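Next comes query_28.cif, with mmCIF, C-alpha atoms.
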data_coords
loop_
_atom_site.label_atom_id
_atom_site.label_comp_id
_atom_site.auth_asym_id
_atom_site.auth_seq_id
_atom_site.Cartn_x
_atom_site.Cartn_y
_atom_site.Cartn_z
CA MET A 191 0.00 0.00 0.00
CA ARG A 192 2.81 2.39 0.90
CA ALA A 193 4.55 1.63 -2.37
CA ALA A 194 1.32 2.25 -4.26
CA ALA A 195 0.78 5.53 -2.44
CA ARG A 196 4.33 6.64 -3.25
CA LEU A 197 3.80 5.63 -6.87
CA ALA A 198 0.58 7.65 -7.10
CA ALA A 199 2.18 10.69 -5.50
CA VAL A 200 5.24 10.63 -7.74
CA THR A 201 3.12 10.02 -10.84
CA ALA A 202 0.93 13.00 -9.98
CA LEU A 203 4.00 15.15 -9.47
CA VAL A 204 5.55 14.08 -12.77
CA LEU A 205 2.28 14.65 -14.62
CA GLY A 206 1.95 18.08 -13.05
CA LEU A 207 5.45 19.06 -14.12
CA VAL A 208 4.95 17.87 -17.70
CA VAL A 209 1.51 19.47 -18.09
CA GLY A 210 2.92 22.68 -16.66
CA THR A 211 5.60 22.82 -19.35
CA THR A 212 3.14 22.29 -22.20
CA ASN A 213 0.33 24.54 -20.96
CA PRO A 214 0.31 27.81 -22.98
CA VAL A 215 -1.49 29.62 -20.15
CA ILE A 216 1.25 31.16 -18.06
CA ALA A 217 1.21 33.22 -14.91
CA ALA A 218 3.39 35.99 -16.35
CA PRO A 219 4.38 37.02 -19.89
CA GLU A 220 7.29 35.21 -21.51
CA ALA A 221 8.92 35.93 -24.84
CA GLY A 222 7.86 33.69 -27.70
CA PRO A 223 10.23 31.81 -30.02
CA GLY A 224 12.66 34.10 -31.81
CA GLN A 225 11.71 37.27 -29.91
CA TRP A 226 15.31 38.25 -29.32
CA PHE A 227 14.47 41.92 -28.74
CA ILE A 228 12.32 41.26 -25.66
CA LYS A 229 15.39 40.51 -23.54
CA ASP A 230 17.87 42.63 -25.48
CA TYR A 231 15.71 45.72 -24.97
CA GLY A 232 14.73 44.84 -21.41
CA ILE A 233 11.02 44.61 -22.17
CA ASP A 234 10.78 41.52 -19.95
CA LYS A 235 11.90 43.69 -17.04
CA LEU A 236 8.92 45.99 -17.56
CA TRP A 237 6.56 43.01 -17.53
CA LYS A 238 7.26 42.60 -13.84
CA THR A 239 5.24 45.75 -13.15
CA THR A 240 3.17 46.49 -16.27
CA THR A 241 1.67 44.53 -19.15
CA GLY A 242 -0.44 47.26 -20.76
CA LYS A 243 -3.69 46.35 -19.07
CA GLY A 244 -6.37 49.01 -19.45
CA VAL A 245 -4.74 50.68 -22.47
CA LYS A 246 -6.19 50.61 -25.99
CA VAL A 247 -3.80 50.80 -28.93
CA ALA A 248 -5.28 51.61 -32.34
CA VAL A 249 -3.73 49.84 -35.33
CA ILE A 250 -4.48 51.79 -38.50
CA ASP A 251 -3.46 49.26 -41.11
CA SER A 252 -4.76 46.57 -43.47
CA GLY A 253 -7.07 44.97 -40.92
CA VAL A 254 -6.52 42.39 -38.16
CA ASN A 255 -7.55 38.75 -38.46
CA THR A 256 -9.21 38.22 -35.09
CA ASP A 257 -9.54 34.48 -35.76
CA HIS A 258 -5.79 34.00 -35.54
CA GLU A 259 -4.93 31.94 -32.46
CA ASP A 260 -2.31 34.44 -31.31
CA LEU A 261 -4.83 37.29 -31.35
CA GLU A 262 -7.83 35.70 -29.68
CA GLY A 263 -9.64 38.28 -27.56
CA VAL A 264 -7.13 41.01 -28.42
CA VAL A 265 -9.26 43.26 -30.67
CA SER A 266 -11.94 45.04 -28.66
CA LYS A 267 -13.39 47.11 -31.51
CA ALA A 268 -12.93 47.32 -35.27
CA LYS A 269 -14.07 49.34 -38.25
CA ASP A 270 -13.23 49.52 -41.95
CA PHE A 271 -12.48 52.79 -43.73
CA SER A 272 -11.57 51.43 -47.15
CA GLY A 273 -15.07 51.83 -48.60
CA LEU A 274 -15.13 48.13 -49.47
CA GLY A 275 -17.78 47.14 -46.97
CA LYS A 276 -15.45 45.24 -44.65
CA ASP A 277 -15.44 45.29 -40.86
CA GLY A 278 -11.84 45.92 -39.74
CA THR A 279 -11.30 42.25 -38.89
CA THR A 280 -11.05 41.10 -42.51
CA PRO A 281 -7.55 41.75 -43.89
CA ILE A 282 -7.62 43.72 -47.15
CA GLY A 283 -5.07 44.72 -49.75
CA GLY A 284 -2.76 43.16 -52.31
CA LYS A 285 -0.52 40.14 -51.85
CA THR A 286 2.32 42.22 -50.47
CA THR A 287 0.28 44.16 -47.93
CA ILE A 288 -2.74 42.10 -46.83
CA HIS A 289 -0.75 40.46 -44.02
CA HIS A 290 0.37 43.71 -42.49
CA GLY A 291 -2.27 44.69 -39.94
CA THR A 292 -2.40 41.23 -38.37
CA ALA A 293 1.38 41.22 -38.06
CA VAL A 294 1.52 44.64 -36.41
CA ALA A 295 -1.25 43.73 -33.95
CA GLY A 296 0.72 40.63 -32.97
CA VAL A 297 3.83 42.66 -32.23
CA ILE A 298 1.80 44.93 -29.96
CA ALA A 299 -0.48 42.48 -28.16
CA GLY A 300 0.11 38.90 -29.33
CA GLN A 301 -0.81 36.29 -26.74
CA GLY A 302 2.22 34.03 -27.12
CA VAL A 303 0.14 31.02 -28.12
CA GLY A 304 2.13 28.07 -29.44
CA ALA A 305 4.90 29.35 -31.68
CA GLY A 306 3.35 32.80 -31.68
CA PRO A 307 4.94 36.01 -30.40
CA THR A 308 4.04 37.61 -27.11
CA GLY A 309 3.13 41.23 -27.70
CA VAL A 310 5.15 43.99 -26.12
CA ALA A 311 1.98 44.95 -24.22
CA PRO A 312 0.18 41.58 -24.07
CA ASP A 313 -2.68 42.82 -21.89
CA ALA A 314 -3.42 45.90 -24.00
CA LYS A 315 -6.46 45.89 -26.27
CA VAL A 316 -6.27 46.63 -29.98
CA LEU A 317 -8.62 48.84 -31.98
CA SER A 318 -8.42 47.74 -35.61
CA ALA A 319 -9.01 50.38 -38.29
CA SER A 320 -8.61 48.87 -41.75
CA MET A 321 -7.79 50.87 -44.87
CA TRP A 322 -6.34 50.17 -48.30
CA LEU A 323 -2.56 49.88 -48.48
CA GLY A 324 -0.34 49.53 -51.50
CA PRO A 325 -1.05 49.65 -55.25
CA ASP A 326 -4.09 48.47 -57.19
CA ARG A 327 -6.56 50.37 -55.04
CA PRO A 328 -10.11 49.48 -56.13
CA LYS A 329 -12.10 52.30 -57.69
CA GLU A 330 -14.73 52.07 -54.96
CA SER A 331 -12.08 52.75 -52.33
CA GLY A 332 -11.66 56.49 -51.77
CA SER A 333 -8.61 58.60 -51.01
CA THR A 334 -6.30 56.71 -48.68
CA ARG A 335 -5.27 59.92 -46.96
CA GLU A 336 -8.89 60.61 -46.13
CA GLN A 337 -9.30 57.03 -44.96
CA ALA A 338 -6.42 57.62 -42.56
CA ALA A 339 -7.89 60.89 -41.28
CA GLU A 340 -11.25 59.25 -40.58
CA ALA A 341 -9.54 56.29 -38.92
CA ILE A 342 -7.63 58.59 -36.58
CA ARG A 343 -10.82 60.30 -35.42
CA TRP A 344 -12.55 56.96 -34.92
CA ALA A 345 -9.61 55.63 -32.91
CA VAL A 346 -9.63 58.69 -30.64
CA ASP A 347 -13.40 58.49 -30.11
CA SER A 348 -13.05 54.76 -29.38
CA GLY A 349 -10.73 55.39 -26.46
CA ALA A 350 -7.27 54.84 -27.94
CA LYS A 351 -4.36 56.03 -25.81
CA VAL A 352 -1.82 55.14 -28.50
CA ILE A 353 -2.22 55.06 -32.28
CA ASN A 354 0.20 53.02 -34.37
CA MET A 355 0.60 53.81 -38.07
CA SER A 356 3.07 51.36 -39.61
CA LEU A 357 2.44 52.75 -43.06
CA GLY A 358 3.22 55.83 -45.04
CA TRP A 359 2.86 57.90 -48.18
CA ASP A 360 5.91 58.18 -50.38
CA ASP A 361 6.32 61.89 -49.84
CA PRO A 362 6.75 63.96 -46.67
CA GLY A 363 3.65 66.14 -47.17
CA TRP A 364 0.05 65.70 -46.12
CA PRO A 365 -3.37 67.28 -46.79
CA GLU A 366 -5.09 69.83 -44.57
CA SER A 367 -7.56 67.24 -43.35
CA TRP A 368 -4.66 65.71 -41.45
CA ASP A 369 -4.01 68.99 -39.63
CA LYS A 370 -7.39 68.64 -37.96
CA ALA A 371 -7.26 64.86 -37.48
CA PHE A 372 -3.88 64.83 -35.75
CA SER A 373 -4.72 67.96 -33.78
CA TYR A 374 -7.86 66.19 -32.57
CA ALA A 375 -5.77 63.24 -31.39
CA TYR A 376 -3.36 65.48 -29.52
CA GLU A 377 -6.20 67.49 -27.98
CA LYS A 378 -7.66 64.24 -26.64
CA ASP A 379 -4.30 63.16 -25.17
CA VAL A 380 -3.48 60.41 -27.68
CA LEU A 381 0.09 59.46 -28.58
CA VAL A 382 0.75 58.75 -32.28
CA VAL A 383 3.62 56.53 -33.45
CA ALA A 384 4.58 55.91 -37.10
CA CYS A 385 7.39 54.27 -39.06
CA VAL A 386 9.64 56.55 -41.10
CA GLY A 387 9.88 54.36 -44.21
CA ASN A 388 12.26 51.78 -45.67
CA ALA A 389 15.16 52.69 -47.91
CA SER A 390 14.66 49.30 -49.58
CA GLN A 391 11.42 50.69 -50.99
CA GLY A 392 13.03 53.84 -52.27
CA ALA A 393 12.51 56.04 -49.22
CA THR A 394 15.31 58.59 -49.35
CA GLN A 395 13.70 60.71 -46.65
CA ALA A 396 11.15 60.08 -43.93
CA TRP A 397 7.62 59.67 -45.25
CA SER A 398 4.35 60.96 -43.87
CA PRO A 399 2.72 60.57 -41.39
CA SER A 400 6.00 60.37 -39.46
CA THR A 401 6.69 63.91 -40.69
CA VAL A 402 3.60 65.34 -38.96
CA PRO A 403 4.72 67.40 -35.93
CA GLY A 404 4.11 65.56 -32.66
CA VAL A 405 4.21 62.07 -34.19
CA ILE A 406 6.97 59.77 -32.91
CA GLY A 407 8.82 58.72 -36.08
CA VAL A 408 10.54 55.34 -35.71
CA GLY A 409 13.48 53.98 -37.69
CA GLY A 410 15.03 50.49 -37.70
CA LEU A 411 18.04 48.84 -36.07
CA ASP A 412 19.53 45.39 -36.58
CA LYS A 413 20.18 42.76 -33.92
CA LYS A 414 23.51 44.34 -33.04
CA GLY A 415 21.93 47.71 -32.44
CA LYS A 416 23.29 49.27 -35.61
CA VAL A 417 21.28 51.19 -38.18
CA LEU A 418 19.56 48.75 -40.54
CA GLU A 419 20.13 50.73 -43.70
CA ASP A 420 17.38 49.11 -45.76
CA SER A 421 14.82 49.41 -42.97
CA THR A 422 14.88 53.08 -42.20
CA ALA A 423 14.96 56.49 -43.85
CA PRO A 424 16.73 59.66 -42.67
CA GLY A 425 15.23 63.01 -41.82
CA THR A 426 14.35 65.32 -38.95
CA ALA A 427 11.14 63.31 -38.55
CA VAL A 428 13.13 60.42 -37.04
CA ASP A 429 12.66 60.48 -33.27
CA LEU A 430 13.56 56.98 -32.08
CA MET A 431 15.13 53.79 -33.37
CA GLY A 432 13.79 50.33 -32.57
CA PRO A 433 14.43 46.68 -33.47
CA ALA A 434 13.54 45.96 -37.10
CA GLU A 435 15.29 42.70 -37.96
CA ASP A 436 13.78 39.19 -37.79
CA ILE A 437 10.69 40.15 -35.81
CA PRO A 438 8.30 37.18 -35.22
CA ILE A 439 4.76 37.95 -36.36
CA PRO A 440 1.42 36.15 -36.75
CA TYR A 441 0.59 35.63 -40.43
CA TYR A 442 -2.84 36.81 -41.54
CA SER A 443 -3.95 33.43 -42.96
CA GLY A 444 -2.63 31.37 -40.08
CA GLY A 445 0.77 30.35 -38.81
CA TYR A 446 3.69 32.67 -38.26
CA ALA A 447 6.43 34.50 -40.10
CA GLU A 448 9.34 36.84 -39.57
CA GLY A 449 9.15 40.47 -40.55
CA GLN A 450 11.80 43.05 -41.24
CA GLY A 451 11.42 46.79 -41.49
CA CYS A 452 10.70 49.87 -39.45
CA SER A 453 7.01 49.04 -39.68
CA PHE A 454 7.73 46.50 -36.92
CA ALA A 455 9.99 48.81 -34.94
CA SER A 456 7.03 51.20 -34.74
CA PRO A 457 4.62 48.82 -32.93
CA ILE A 458 7.39 47.89 -30.51
CA VAL A 459 7.61 51.57 -29.55
CA SER A 460 3.80 51.74 -29.42
CA GLY A 461 3.76 48.70 -27.15
CA VAL A 462 6.28 50.27 -24.79
CA ALA A 463 4.22 53.47 -24.76
CA ALA A 464 1.20 51.36 -23.76
CA LEU A 465 3.23 49.78 -20.94
CA ILE A 466 4.19 53.21 -19.64
CA ARG A 467 0.64 54.57 -19.90
CA ALA A 468 -0.69 51.51 -18.06
CA ASP A 469 1.93 51.88 -15.35
CA ASP A 470 1.10 55.55 -14.75
CA PRO A 471 -2.29 56.56 -16.19
CA ASP A 472 -1.79 60.12 -14.97
CA LEU A 473 0.98 60.76 -17.49
CA SER A 474 -0.07 62.77 -20.53
CA ALA A 475 0.75 61.67 -24.07
CA ASP A 476 3.29 64.51 -24.30
CA GLU A 477 4.96 63.32 -21.09
CA VAL A 478 5.17 59.76 -22.36
CA ARG A 479 6.72 60.99 -25.59
CA ALA A 480 9.25 63.03 -23.61
CA LYS A 481 10.15 60.05 -21.42
CA LEU A 482 10.64 57.78 -24.42
CA GLN A 483 12.99 60.26 -26.06
CA SER A 484 14.87 61.36 -22.97
CA GLY A 485 15.51 57.73 -21.99
CA ALA A 486 16.91 56.72 -25.41
CA LYS A 487 20.41 55.27 -25.75
CA SER A 488 23.05 56.22 -28.26
CA VAL A 489 23.37 54.22 -31.47
CA ALA A 490 26.75 53.00 -32.72
CA GLY A 491 28.25 55.71 -34.91
CA HIS A 492 25.69 58.29 -33.78
CA LYS A 493 25.29 60.55 -30.78
CA GLY A 494 21.55 60.96 -30.89
CA VAL A 495 20.53 64.48 -29.88
CA SER A 496 23.92 66.20 -29.88
CA LYS A 497 22.58 69.67 -29.17
CA LYS A 498 19.34 70.93 -27.76
CA GLY A 499 16.77 71.09 -30.51
CA GLU A 500 19.09 69.48 -33.05
CA PRO A 501 18.23 65.79 -33.40
CA ASP A 502 20.52 63.42 -35.27
CA PRO A 503 19.13 63.25 -38.83
CA VAL A 504 19.51 59.47 -38.95
CA VAL A 505 18.63 58.16 -35.46
CA GLY A 506 16.84 61.06 -33.79
CA SER A 507 17.16 60.71 -30.01
CA GLY A 508 18.67 57.25 -30.40
CA ARG A 509 17.80 53.66 -29.52
CA LEU A 510 14.64 52.85 -27.60
CA ASP A 511 15.37 51.97 -23.96
CA PRO A 512 12.09 50.79 -22.37
CA LYS A 513 13.39 50.44 -18.83
CA ALA A 514 15.06 53.86 -18.84
CA ALA A 515 11.95 55.43 -20.35
CA LEU A 516 9.71 53.90 -17.68
CA LYS A 517 11.92 55.11 -14.86
CA ALA A 518 12.85 58.47 -16.38
CA ALA A 519 11.58 61.55 -14.63
CA VAL A 520 9.34 63.75 -16.70
CA PRO A 521 11.57 66.53 -18.13
CA GLU A 522 11.01 70.00 -16.73
CA THR A 523 10.07 71.22 -20.18
CA VAL A 524 7.70 68.96 -22.09
CA PRO A 525 7.01 69.89 -25.73
CA SER A 526 3.36 70.00 -26.68
CA ALA A 527 2.46 67.99 -29.78
CA GLU A 528 -0.65 70.11 -30.25
CA ASP A 529 1.36 73.34 -30.15
CA GLU A 530 4.02 71.95 -32.49
CA LEU A 531 1.40 71.08 -35.10
CA SER A 532 -0.40 74.40 -34.63
CA ASP A 533 2.84 76.32 -35.13
CA TRP A 534 3.57 74.32 -38.28
CA VAL A 535 0.10 75.02 -39.67
CA THR A 536 0.47 78.73 -38.97
CA MET A 537 3.81 78.77 -40.75
CA HIS A 538 3.02 76.59 -43.76
CA ARG A 539 -0.68 77.00 -44.50
CA ARG A 540 -0.58 80.74 -45.16
CA GLY A 541 -2.67 81.86 -48.09
CA GLU A 542 -3.97 78.34 -48.80
CA ALA A 543 -7.56 78.93 -47.71
CA GLU A 544 -8.78 79.19 -51.32
CA ALA A 545 -6.62 76.28 -52.52
CA GLN A 546 -8.34 73.83 -50.20
CA GLU A 547 -11.62 74.33 -52.11
CA THR A 548 -10.15 73.30 -55.47
CA GLU A 549 -10.27 69.80 -56.91
CA THR A 550 -6.50 69.45 -56.63
CA ALA A 551 -6.26 70.33 -52.95
CA SER A 552 -5.80 66.66 -52.06
CA PRO A 553 -3.10 64.64 -53.86
CA ASP A 554 -4.15 62.66 -56.90
CA GLU A 555 -3.58 59.12 -55.67
CA THR A 556 -3.94 57.51 -59.09
CA GLU A 557 -0.24 58.19 -59.47
CA SER A 558 1.65 59.41 -56.40
CA PRO A 559 1.68 59.54 -53.48
CA ARG A 560 -0.02 56.34 -52.37
CA ALA A 561 -0.36 54.58 -49.06
CA VAL A 562 2.29 51.91 -48.77
CA ALA A 563 3.33 49.26 -46.29
CA PRO A 564 6.71 47.50 -46.31
CA THR A 565 7.02 44.23 -48.21
CA ASP A 566 8.63 42.75 -45.19
CA VAL A 567 7.64 39.14 -44.58
CA ALA A 568 10.86 37.17 -44.74
CA ALA A 569 9.71 33.58 -44.25
CA SER A 570 6.51 31.87 -43.21
CA GLN A 571 6.45 29.12 -40.59
CA PRO A 572 3.86 26.39 -40.02
CA THR A 573 1.24 26.66 -37.35
CA PRO A 574 2.37 25.24 -34.00
CA VAL A 575 -0.17 22.38 -33.93
CA LEU A 576 2.41 19.81 -35.02
CA GLY A 577 5.01 21.22 -32.68
CA PHE A 578 2.72 20.92 -29.68
CA GLY A 579 1.61 17.43 -30.79
CA VAL A 580 5.19 16.25 -30.87
CA LEU A 581 5.88 17.94 -27.53
CA ALA A 582 2.84 16.31 -25.96
CA ALA A 583 3.78 12.88 -27.33
CA GLY A 584 7.29 13.26 -25.99
CA ALA A 585 5.95 14.35 -22.63
CA LEU A 586 3.65 11.31 -22.46
CA ALA A 587 6.50 8.97 -23.33
CA THR A 588 8.59 10.59 -20.61
CA VAL A 589 5.83 10.03 -18.07
CA VAL A 590 5.47 6.36 -19.06
CA LEU A 591 9.21 5.75 -18.82
CA MET A 592 9.46 7.45 -15.44
CA VAL A 593 6.52 5.52 -14.04
CA LEU A 594 7.91 2.19 -15.30
CA SER A 595 11.31 3.01 -13.84
CA LEU A 596 9.69 3.80 -10.52
CA ILE A 597 7.74 0.52 -10.52
CA LEU A 598 10.92 -1.48 -11.22
CA PHE A 599 12.73 0.42 -8.48
CA LEU A 600 10.01 -0.33 -5.92
CA ARG A 601 9.91 -4.00 -6.89
CA ARG A 602 13.64 -4.35 -6.43
CA ARG A 603 13.39 -2.82 -2.96
CA ARG A 604 10.94 -5.57 -2.02
#
Rendering of file as structure tokens:
Amino acid sequence: MRAAARLAAVTALVLGLVVGTTNPVIAAPEAGPGQWFIKDYGIDKLWKTTTGKGVKVAVIDSGVNTDHEDLEGVVSKAKDFSGLGKDGTTPIGGKTTIHHGTAVAGVIAGQGVGAGPTGVAPDAKVLSASMWLGPDRPKESGSTREQAAEAIRWAVDSGAKVINMSLGWDDPGWPESWDKAFSYAYEKDVLVVACVGNASQGATQAWSPSTVPGVIGVGGLDKKGKVLEDSTAPGTAVDLMGPAEDIPIPYYSGGYAEGQGCSFASPIVSGVAALIRADDPDLSADEVRAKLQSGAKSVAGHKGVSKKGEPDPVVGSGRLDPKAALKAAVPETVPSAEDELSDWVTMHRRGEAEAQETETASPDETESPRAVAPTDVAASQPTPVLGFGVLAAGALATVVLMVLSLILFLRRRR
């Protein structure tokens, strides 16, 4: 009887240990396979105190597939602005862009299921605003710039604290409708983050909307912390640099992939912003922006902000440092995004009141500029079903072998 009792106890313990290692539900966030930047950038340190709970991050992109296993329960609200009658949870766009919104959402708030990535702010909620990205825009889909403006207002009214725009237009300018849309976001205390563009796609200077005053423009670094030349673009719009190489992402049709480009550095910054806003809800968007920039580290070969008011034209304030940003004191002087945009409008919109009424006030998107998203999926991976099946089979075999060994051991003792 004693031997049987010992056997039952040990078997229960072994089973508990094995089940614990295969159970995807974990007590605290852990980096998923291949998420090298989580530890390298100290994001796992922030998870000890904040996971983004209570913060909504808007993803203005190609739509988020809410049926993906890594994004279950992540999207709290969605809407489509493409004019194609979608709902924000149905990815839209061409072959090179349709994956994009799902990937970005995974970087921000993925649940770490199976082989999937754990989002930088895994307990944040995503607001999905879908719009048309890339070429071949259907005739029934209106101006992409206007789609973006409407999406920004919807995101603000839906409670977003951070807006991520991992997309751009291949010129630095923007229409007047954006003046009001971004001003509305700033007035409502919303932080806006955008990628600056990829040189690999011909970006020789930062593209809009990263060029809009008050927006945090994000460029890309490689795994060694050096500027990833193909995955960034220079210009005074660059504010921060983040990881942009081999970023694990959920693929829109299922399974996973790796992405490269500043469009994935941007949601990492957005995720960190969500962590900071969740940790201290009393901080304003301007204060969070100031903390992110003041806590940045230098980038190899660059000094970051070398003089007051003179950012480095390649790396801005430097490399994102989540831990330093979280702990950084709010600077005595905090720039106002709303004032920066207002000053720009006053300076650059002079005498354009009549122009805005003409048919050519908004760019003709049949040629250029157009909304683009990086063609950045490097390699797809299979869904983790097989991986977990093999793991479970191995675990069961281990249990059987351990139990048999224990039985033989007890018999020999007799």
Hits of the PyMOL selection byres ((chain A and resi 306) around 7) in this structure, as a VMD selection string: chain A and resid 222 260 302 to 305 307 to 308 440 446
Restricting the output to C-alpha atoms, write the selected residues as a tab-separated table (two decimals), keeping the file's coordinate frame.
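Result went into selection10.tsv, see below:
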chain	number	residue	atom	x	y	z
A	222	GLY	CA	7.86	33.69	-27.70
A	260	ASP	CA	-2.31	34.44	-31.31
A	302	GLY	CA	2.22	34.03	-27.12
A	303	VAL	CA	0.14	31.02	-28.12
A	304	GLY	CA	2.13	28.07	-29.44
A	305	ALA	CA	4.90	29.35	-31.68
A	307	PRO	CA	4.94	36.01	-30.40
A	308	THR	CA	4.04	37.61	-27.11
A	440	PRO	CA	1.42	36.15	-36.75
A	446	TYR	CA	3.69	32.67	-38.26
May I have the residues at most 7 Å from (14.9, 62.5, -38.2) in the file's coordinates, counting all atoms listed in the file, as a PDB file with C-alpha atoms, in the coordinates of the input?
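Result file is selection28.pdb:
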ATOM      1  CA  PRO A 424      16.730  59.660 -42.670  1.00  0.00           C
ATOM      2  CA  GLY A 425      15.230  63.010 -41.820  1.00  0.00           C
ATOM      3  CA  THR A 426      14.350  65.320 -38.950  1.00  0.00           C
ATOM      4  CA  ALA A 427      11.140  63.310 -38.550  1.00  0.00           C
ATOM      5  CA  VAL A 428      13.130  60.420 -37.040  1.00  0.00           C
ATOM      6  CA  ASP A 429      12.660  60.480 -33.270  1.00  0.00           C
ATOM      7  CA  PRO A 501      18.230  65.790 -33.400  1.00  0.00           C
ATOM      8  CA  ASP A 502      20.520  63.420 -35.270  1.00  0.00           C
ATOM      9  CA  PRO A 503      19.130  63.250 -38.830  1.00  0.00           C
ATOM     10  CA  VAL A 504      19.510  59.470 -38.950  1.00  0.00           C
ATOM     11  CA  VAL A 505      18.630  58.160 -35.460  1.00  0.00           C
ATOM     12  CA  GLY A 506      16.840  61.060 -33.790  1.00  0.00           C
TER      13      GLY A 506
END
Residues around (-6.7, 50.2, -40.4), cut-off 10 Å, counting all atoms listed in the file - what are they as a JSON list (two decimals) with C-alpha atoms, keeping the file's coordinate frame?
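File written: point11.json
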[["chain", "number", "residue", "atom", "x", "y", "z"],
["A", 248, "ALA", "CA", -5.28, 51.61, -32.34],
["A", 249, "VAL", "CA", -3.73, 49.84, -35.33],
["A", 250, "ILE", "CA", -4.48, 51.79, -38.50],
["A", 251, "ASP", "CA", -3.46, 49.26, -41.11],
["A", 252, "SER", "CA", -4.76, 46.57, -43.47],
["A", 253, "GLY", "CA", -7.07, 44.97, -40.92],
["A", 254, "VAL", "CA", -6.52, 42.39, -38.16],
["A", 268, "ALA", "CA", -12.93, 47.32, -35.27],
["A", 269, "LYS", "CA", -14.07, 49.34, -38.25],
["A", 270, "ASP", "CA", -13.23, 49.52, -41.95],
["A", 271, "PHE", "CA", -12.48, 52.79, -43.73],
["A", 272, "SER", "CA", -11.57, 51.43, -47.15],
["A", 278, "GLY", "CA", -11.84, 45.92, -39.74],
["A", 279, "THR", "CA", -11.30, 42.25, -38.89],
["A", 281, "PRO", "CA", -7.55, 41.75, -43.89],
["A", 282, "ILE", "CA", -7.62, 43.72, -47.15],
["A", 290, "HIS", "CA", 0.37, 43.71, -42.49],
["A", 291, "GLY", "CA", -2.27, 44.69, -39.94],
["A", 317, "LEU", "CA", -8.62, 48.84, -31.98],
["A", 318, "SER", "CA", -8.42, 47.74, -35.61],
["A", 319, "ALA", "CA", -9.01, 50.38, -38.29],
["A", 320, "SER", "CA", -8.61, 48.87, -41.75],
["A", 321, "MET", "CA", -7.79, 50.87, -44.87],
["A", 322, "TRP", "CA", -6.34, 50.17, -48.30],
["A", 323, "LEU", "CA", -2.56, 49.88, -48.48],
["A", 337, "GLN", "CA", -9.30, 57.03, -44.96],
["A", 338, "ALA", "CA", -6.42, 57.62, -42.56],
["A", 341, "ALA", "CA", -9.54, 56.29, -38.92],
["A", 342, "ILE", "CA", -7.63, 58.59, -36.58],
["A", 345, "ALA", "CA", -9.61, 55.63, -32.91],
["A", 354, "ASN", "CA", 0.20, 53.02, -34.37],
["A", 355, "MET", "CA", 0.60, 53.81, -38.07],
["A", 356, "SER", "CA", 3.07, 51.36, -39.61],
["A", 357, "LEU", "CA", 2.44, 52.75, -43.06]]
Hits of the PyMOL selection byres ((chain A and resi 300) around 10) in this structure, as JSON, numbers by chain: {"A": [222, 258, 259, 260, 261, 262, 263, 264, 292, 293, 294, 295, 296, 297, 298, 299, 301, 302, 303, 306, 307, 308, 309, 310, 311, 312, 313, 314, 439, 440]}
Padding 3 Å on each side, edges along x, y and z: where is the centre of the box around the listed atoms of region 251-261 of chain A, and how long are its edges in Å to one decimal? Output it as AutoDock Vina command-line options.
--center_x -5.9 --center_y 40.6 --center_z -37.4 --size_x 13.2 --size_y 23.3 --size_z 18.2
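Of the listed residues (A:Ala384, A:Ser526, A:Lys416, A:Ala423), A:Ala384 comes nearest to Ser453 (chain A); the distances count all atoms listed in the file.
You will find CA of Val462 (chain A) at 21.8 Å from CA of Asn388 (chain A).
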Target residues per the PyMOL selection byres ((chain A and resi 243) around 9), formatted as an mmCIF file with C-alpha atoms, keeping the file's coordinate frame:
data_model
loop_
_atom_site.group_PDB
_atom_site.id
_atom_site.type_symbol
_atom_site.label_atom_id
_atom_site.label_comp_id
_atom_site.auth_asym_id
_atom_site.auth_seq_id
_atom_site.Cartn_x
_atom_site.Cartn_y
_atom_site.Cartn_z
ATOM 1 C CA THR A 240 3.170 46.490 -16.270
ATOM 2 C CA THR A 241 1.670 44.530 -19.150
ATOM 3 C CA GLY A 242 -0.440 47.260 -20.760
ATOM 4 C CA GLY A 244 -6.370 49.010 -19.450
ATOM 5 C CA VAL A 245 -4.740 50.680 -22.470
ATOM 6 C CA LYS A 246 -6.190 50.610 -25.990
ATOM 7 C CA ALA A 311 1.980 44.950 -24.220
ATOM 8 C CA PRO A 312 0.180 41.580 -24.070
ATOM 9 C CA ASP A 313 -2.680 42.820 -21.890
ATOM 10 C CA ALA A 314 -3.420 45.900 -24.000
ATOM 11 C CA LYS A 315 -6.460 45.890 -26.270
ATOM 12 C CA ALA A 464 1.200 51.360 -23.760
ATOM 13 C CA LEU A 465 3.230 49.780 -20.940
ATOM 14 C CA ALA A 468 -0.690 51.510 -18.060
ATOM 15 C CA ASP A 469 1.930 51.880 -15.350
#
Option closest in space to Leu236 (chain A), from A:Pro403, A:Pro512, A:Gly451, A:Pro525 [counting all atoms listed in the file]: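 Of the candidates, the smallest distance to Leu236 (chain A) is held by A:Pro512.
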Selected residue, from A:Thr401, A:Ser390, A:Ser474, A:Ser488, that lies nearest to Cys452 (chain A) when counting only C-alpha atoms: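 Looking only at the distances to Cys452 (chain A), the closest residue turns out to be A:Ser390.
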Shortest interatomic distance to Ile228 (chain A) - which of A:Val524, A:Ile437, A:Val489, A:Ala389, counting all atoms listed in the file: A:Ile437
Residue nearest Trp344 (chain A) - candidates A:Trp397, A:Tyr374, A:Trp226, A:Tyr442, atoms counted: all atoms listed in the file: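 Going through A:Trp397, A:Tyr374, A:Trp226, A:Tyr442 one by one, the smallest distance to Trp344 (chain A) is for A:Tyr374.
Here CA of Ser333 (chain A) is placed at a distance of 14.5 Å from CA of Asp360 (chain A).
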Atomic separation - CA of Arg479 (chain A) relative to CA of Glu340 (chain A), Å: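 For CA of Glu340 (chain A) relative to CA of Arg479 (chain A), the distance reads 23.5 Å.
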